Amino acid sequence: MALYEHVVIARQDISPQQAEQMNEDMKALIEGQGGHIAKIEYWGLRNLTFRIKKNRKGHYSLLAIDAPAPAVKEMERQLSLNEDVLRYMTIRVEELDLELSPVLARRDRERERRDDFGGDRPDRGDRGDRPERTERPERAERTSGDEA
């Protein structure tokens with residue numbers, strides 16, 4: 001069987017659960033025809049570089065597939081009929097990369113960095129109590145004739 005990487009972009013109007021369900025449907029289709037899905041990554045709702053069918057965002061998913069060519073052809077046929085799919089691309093590869101994709105690895109690095117600092121702002125430490133406010137002395141009103 002051949003090895004493939006498959007990326008799908010779904011419309012922004014669908015929910016993340018519907019995008020995940022679409023991934024599960026593709027998995028069932030491939031496994032029903034004797035293939036195997038090694039990895040499914042849902043990248044989330046991301047901005048598109050340019051508008052596709054009047055959409056500015058899309059739900060991205062990556063699948064690592066080990067399946068015969070007719071199973072992949074059938075999956076692509078099903079996706080072309082699905083109105084929720086904006087684009088898809090299937091690429092044949094020599095070996096499947098089962099590590100975290102660069103998209104998710106970057107997201108994890110940013111999350112770790114944010115957790116190290118405790119959010120967006122660094123910790124300012126214990127600043128103690130503020131001193132009591134003192135009253136300012138009243139300023140004398142200046143008139144235009146007072147200038148010398």
# chains A, B, ... in the order shown; residues from 1 in each chain; ligands from 1
$ select_by_dssp --residues "chain A" --states "helix (DSSP H, G or I)" --output "JSON, numbers by chain"
{"A": [16, 17, 18, 19, 20, 21, 22, 23, 24, 25, 26, 27, 28, 29, 30, 31, 32, 69, 70, 71, 72, 73, 74, 75, 76, 77, 78, 79, 80, 81, 102, 103, 104, 105, 106, 107, 108, 109, 110, 111, 112, 113, 114, 115, 116, 117, 144, 145, 146]}
$ write_last_selection --atoms "N, CA and C atoms" --output "compact mmCIF listing (two decimals), in the first residue's frame"
# COMPACT_ATOMS: atom_id res chain seq x y z
N PRO A 16 -15.93 23.19 15.25
CA PRO A 16 -14.78 22.28 15.34
C PRO A 16 -15.20 20.81 15.48
N GLN A 17 -16.34 20.57 16.13
CA GLN A 17 -16.83 19.19 16.27
C GLN A 17 -17.21 18.62 14.90
N GLN A 18 -17.81 19.44 14.05
CA GLN A 18 -18.16 18.97 12.71
C GLN A 18 -16.90 18.69 11.88
N ALA A 19 -15.87 19.51 12.06
CA ALA A 19 -14.61 19.28 11.35
C ALA A 19 -13.97 17.96 11.84
N GLU A 20 -14.01 17.73 13.14
CA GLU A 20 -13.48 16.47 13.69
C GLU A 20 -14.30 15.27 13.17
N GLN A 21 -15.62 15.44 13.07
CA GLN A 21 -16.48 14.37 12.57
C GLN A 21 -16.15 14.06 11.10
N MET A 22 -15.85 15.09 10.33
CA MET A 22 -15.46 14.89 8.94
C MET A 22 -14.18 14.05 8.88
N ASN A 23 -13.23 14.32 9.80
CA ASN A 23 -12.00 13.52 9.87
C ASN A 23 -12.32 12.07 10.19
N GLU A 24 -13.23 11.86 11.13
CA GLU A 24 -13.61 10.50 11.51
C GLU A 24 -14.30 9.79 10.34
N ASP A 25 -15.11 10.50 9.56
CA ASP A 25 -15.76 9.92 8.39
C ASP A 25 -14.72 9.48 7.35
N MET A 26 -13.69 10.33 7.15
CA MET A 26 -12.63 9.96 6.20
C MET A 26 -11.87 8.74 6.71
N LYS A 27 -11.64 8.68 8.02
CA LYS A 27 -10.95 7.53 8.61
C LYS A 27 -11.75 6.25 8.40
N ALA A 28 -13.08 6.32 8.63
CA ALA A 28 -13.93 5.14 8.43
C ALA A 28 -13.92 4.70 6.96
N LEU A 29 -13.94 5.67 6.06
CA LEU A 29 -13.93 5.35 4.62
C LEU A 29 -12.63 4.64 4.23
N ILE A 30 -11.51 5.17 4.67
CA ILE A 30 -10.21 4.57 4.34
C ILE A 30 -10.08 3.18 4.95
N GLU A 31 -10.44 3.05 6.23
CA GLU A 31 -10.31 1.75 6.89
C GLU A 31 -11.30 0.74 6.32
N GLY A 32 -12.45 1.20 5.82
CA GLY A 32 -13.41 0.30 5.19
C GLY A 32 -12.90 -0.29 3.89
N ALA A 69 -4.45 3.02 -3.56
CA ALA A 69 -4.83 4.18 -4.37
C ALA A 69 -6.34 4.31 -4.59
N PRO A 70 -7.10 3.21 -4.83
CA PRO A 70 -8.54 3.37 -5.02
C PRO A 70 -9.25 3.94 -3.78
N ALA A 71 -8.75 3.62 -2.59
CA ALA A 71 -9.36 4.15 -1.37
C ALA A 71 -9.15 5.66 -1.29
N VAL A 72 -7.95 6.11 -1.65
CA VAL A 72 -7.66 7.54 -1.62
C VAL A 72 -8.48 8.27 -2.68
N LYS A 73 -8.61 7.66 -3.87
CA LYS A 73 -9.43 8.25 -4.93
C LYS A 73 -10.89 8.41 -4.47
N GLU A 74 -11.42 7.40 -3.79
CA GLU A 74 -12.80 7.47 -3.29
C GLU A 74 -12.93 8.56 -2.23
N MET A 75 -11.95 8.68 -1.36
CA MET A 75 -12.00 9.72 -0.34
C MET A 75 -12.00 11.11 -1.00
N GLU A 76 -11.15 11.30 -2.00
CA GLU A 76 -11.11 12.58 -2.71
C GLU A 76 -12.43 12.85 -3.43
N ARG A 77 -13.03 11.80 -3.98
CA ARG A 77 -14.33 11.98 -4.64
C ARG A 77 -15.38 12.44 -3.65
N GLN A 78 -15.39 11.81 -2.46
CA GLN A 78 -16.35 12.20 -1.42
C GLN A 78 -16.12 13.65 -0.98
N LEU A 79 -14.86 14.04 -0.84
CA LEU A 79 -14.56 15.41 -0.42
C LEU A 79 -14.96 16.43 -1.47
N SER A 80 -14.81 16.07 -2.75
CA SER A 80 -15.19 17.01 -3.81
C SER A 80 -16.70 17.24 -3.84
N LEU A 81 -17.48 16.28 -3.33
CA LEU A 81 -18.93 16.44 -3.27
C LEU A 81 -19.40 17.18 -2.02
N PRO A 102 4.93 20.78 12.22
CA PRO A 102 5.46 22.09 12.62
C PRO A 102 4.39 23.05 13.12
N VAL A 103 3.18 22.96 12.58
CA VAL A 103 2.10 23.84 13.02
C VAL A 103 1.77 23.60 14.49
N LEU A 104 1.58 22.34 14.88
CA LEU A 104 1.24 22.04 16.26
C LEU A 104 2.46 22.19 17.18
N ALA A 105 3.66 21.91 16.68
CA ALA A 105 4.86 22.08 17.50
C ALA A 105 5.04 23.55 17.86
N ARG A 106 4.79 24.43 16.93
CA ARG A 106 4.90 25.88 17.19
C ARG A 106 3.88 26.31 18.22
N ARG A 107 2.66 25.80 18.08
CA ARG A 107 1.59 26.15 19.03
C ARG A 107 1.95 25.68 20.44
N ASP A 108 2.55 24.49 20.55
CA ASP A 108 2.96 23.98 21.87
C ASP A 108 4.10 24.81 22.45
N ARG A 109 5.06 25.21 21.60
CA ARG A 109 6.17 26.05 22.09
C ARG A 109 5.64 27.37 22.62
N GLU A 110 4.70 27.98 21.89
CA GLU A 110 4.14 29.26 22.34
C GLU A 110 3.37 29.08 23.64
N ARG A 111 2.65 27.98 23.78
CA ARG A 111 1.90 27.72 25.01
C ARG A 111 2.85 27.53 26.19
N GLU A 112 3.96 26.80 25.98
CA GLU A 112 4.94 26.61 27.05
C GLU A 112 5.58 27.93 27.45
N ARG A 113 5.92 28.75 26.47
CA ARG A 113 6.52 30.04 26.76
C ARG A 113 5.56 30.91 27.57
N ARG A 114 4.29 30.90 27.19
CA ARG A 114 3.27 31.67 27.90
C ARG A 114 3.11 31.16 29.32
N ASP A 115 3.15 29.83 29.50
CA ASP A 115 3.02 29.25 30.83
C ASP A 115 4.21 29.59 31.71
N ASP A 116 5.41 29.67 31.11
CA ASP A 116 6.61 30.00 31.89
C ASP A 116 6.50 31.40 32.49
N PHE A 117 5.90 32.31 31.76
CA PHE A 117 5.79 33.68 32.24
C PHE A 117 4.49 33.93 32.99
N SER A 144 -3.12 86.79 34.34
CA SER A 144 -2.26 87.31 33.28
C SER A 144 -1.41 88.49 33.74
N GLY A 145 -1.83 89.23 34.76
CA GLY A 145 -1.08 90.39 35.23
C GLY A 145 0.02 90.01 36.20
N ASP A 146 0.12 88.76 36.68
CA ASP A 146 1.10 88.36 37.67
C ASP A 146 2.48 88.07 37.06
$ atom_distance --atom1 "CA of Leu63 in chain A" --atom2 "CA of Tyr42 in chain A"
8.8 Å
$ residues_around --residues "Ala2 in chain A" --least-positions-apart "5" --cutoff "8 Å" --atoms "only C-alpha atoms" --output "PyMOL selection string"
chain A and resi 66-69+92
$ select_by_dssp --residues "range 3-144 of chain A" --states "strand (DSSP E or B)" --output "MDAnalysis selection string"
chainID A and resid 3:11 36:52 55:67 85:93
$ closest_residue --among "A:Leu62, A:Pro131, A:Val85, A:Leu45" --to "Ser101 in chain A" --atoms "only C-alpha atoms"
A:Leu62
$ residues_around --residues "Glu94 in chain A" --least-positions-apart "6" --cutoff "12 Å" --atoms "only C-alpha atoms" --output "PDB file with C-alpha atoms, in the first residue's frame"
ATOM      1  CA  MET A   1       0.000   0.000   0.000  1.00  0.00           C
ATOM      2  CA  ALA A   2       1.079   3.563  -0.655  1.00  0.00           C
ATOM      3  CA  LEU A   3       1.728   6.263   1.941  1.00  0.00           C
ATOM      4  CA  TYR A   4       0.034   9.667   1.701  1.00  0.00           C
ATOM      5  CA  GLU A   5      -0.208  12.955   3.560  1.00  0.00           C
ATOM      6  CA  ALA A  64      -1.179  10.499   7.497  1.00  0.00           C
ATOM      7  CA  ILE A  65      -2.619   7.669   5.403  1.00  0.00           C
ATOM      8  CA  ASP A  66      -1.425   4.174   4.517  1.00  0.00           C
TER       9      ASP A  66
END
$ closest_residue --among "A:Glu99, A:Asp129, A:Glu41, A:Glu135" --to "His6 in chain A" --atoms "only C-alpha atoms"
A:Glu41
$ atom_distance --atom1 "CA of Gln12 in chain A" --atom2 "CA of Lys39 in chain A"
22.8 Å
$ residues_around --residues "Arg87 in chain A" --least-positions-apart "6" --cutoff "12 Å" --atoms "only C-alpha atoms" --output "ChimeraX atom specification"
/A:6-11,48,51-53,55,57-61,76,79-81
$ atom_distance --atom1 "CA of Phe50 in chain A" --atom2 "CA of Met89 in chain A"
16.7 Å
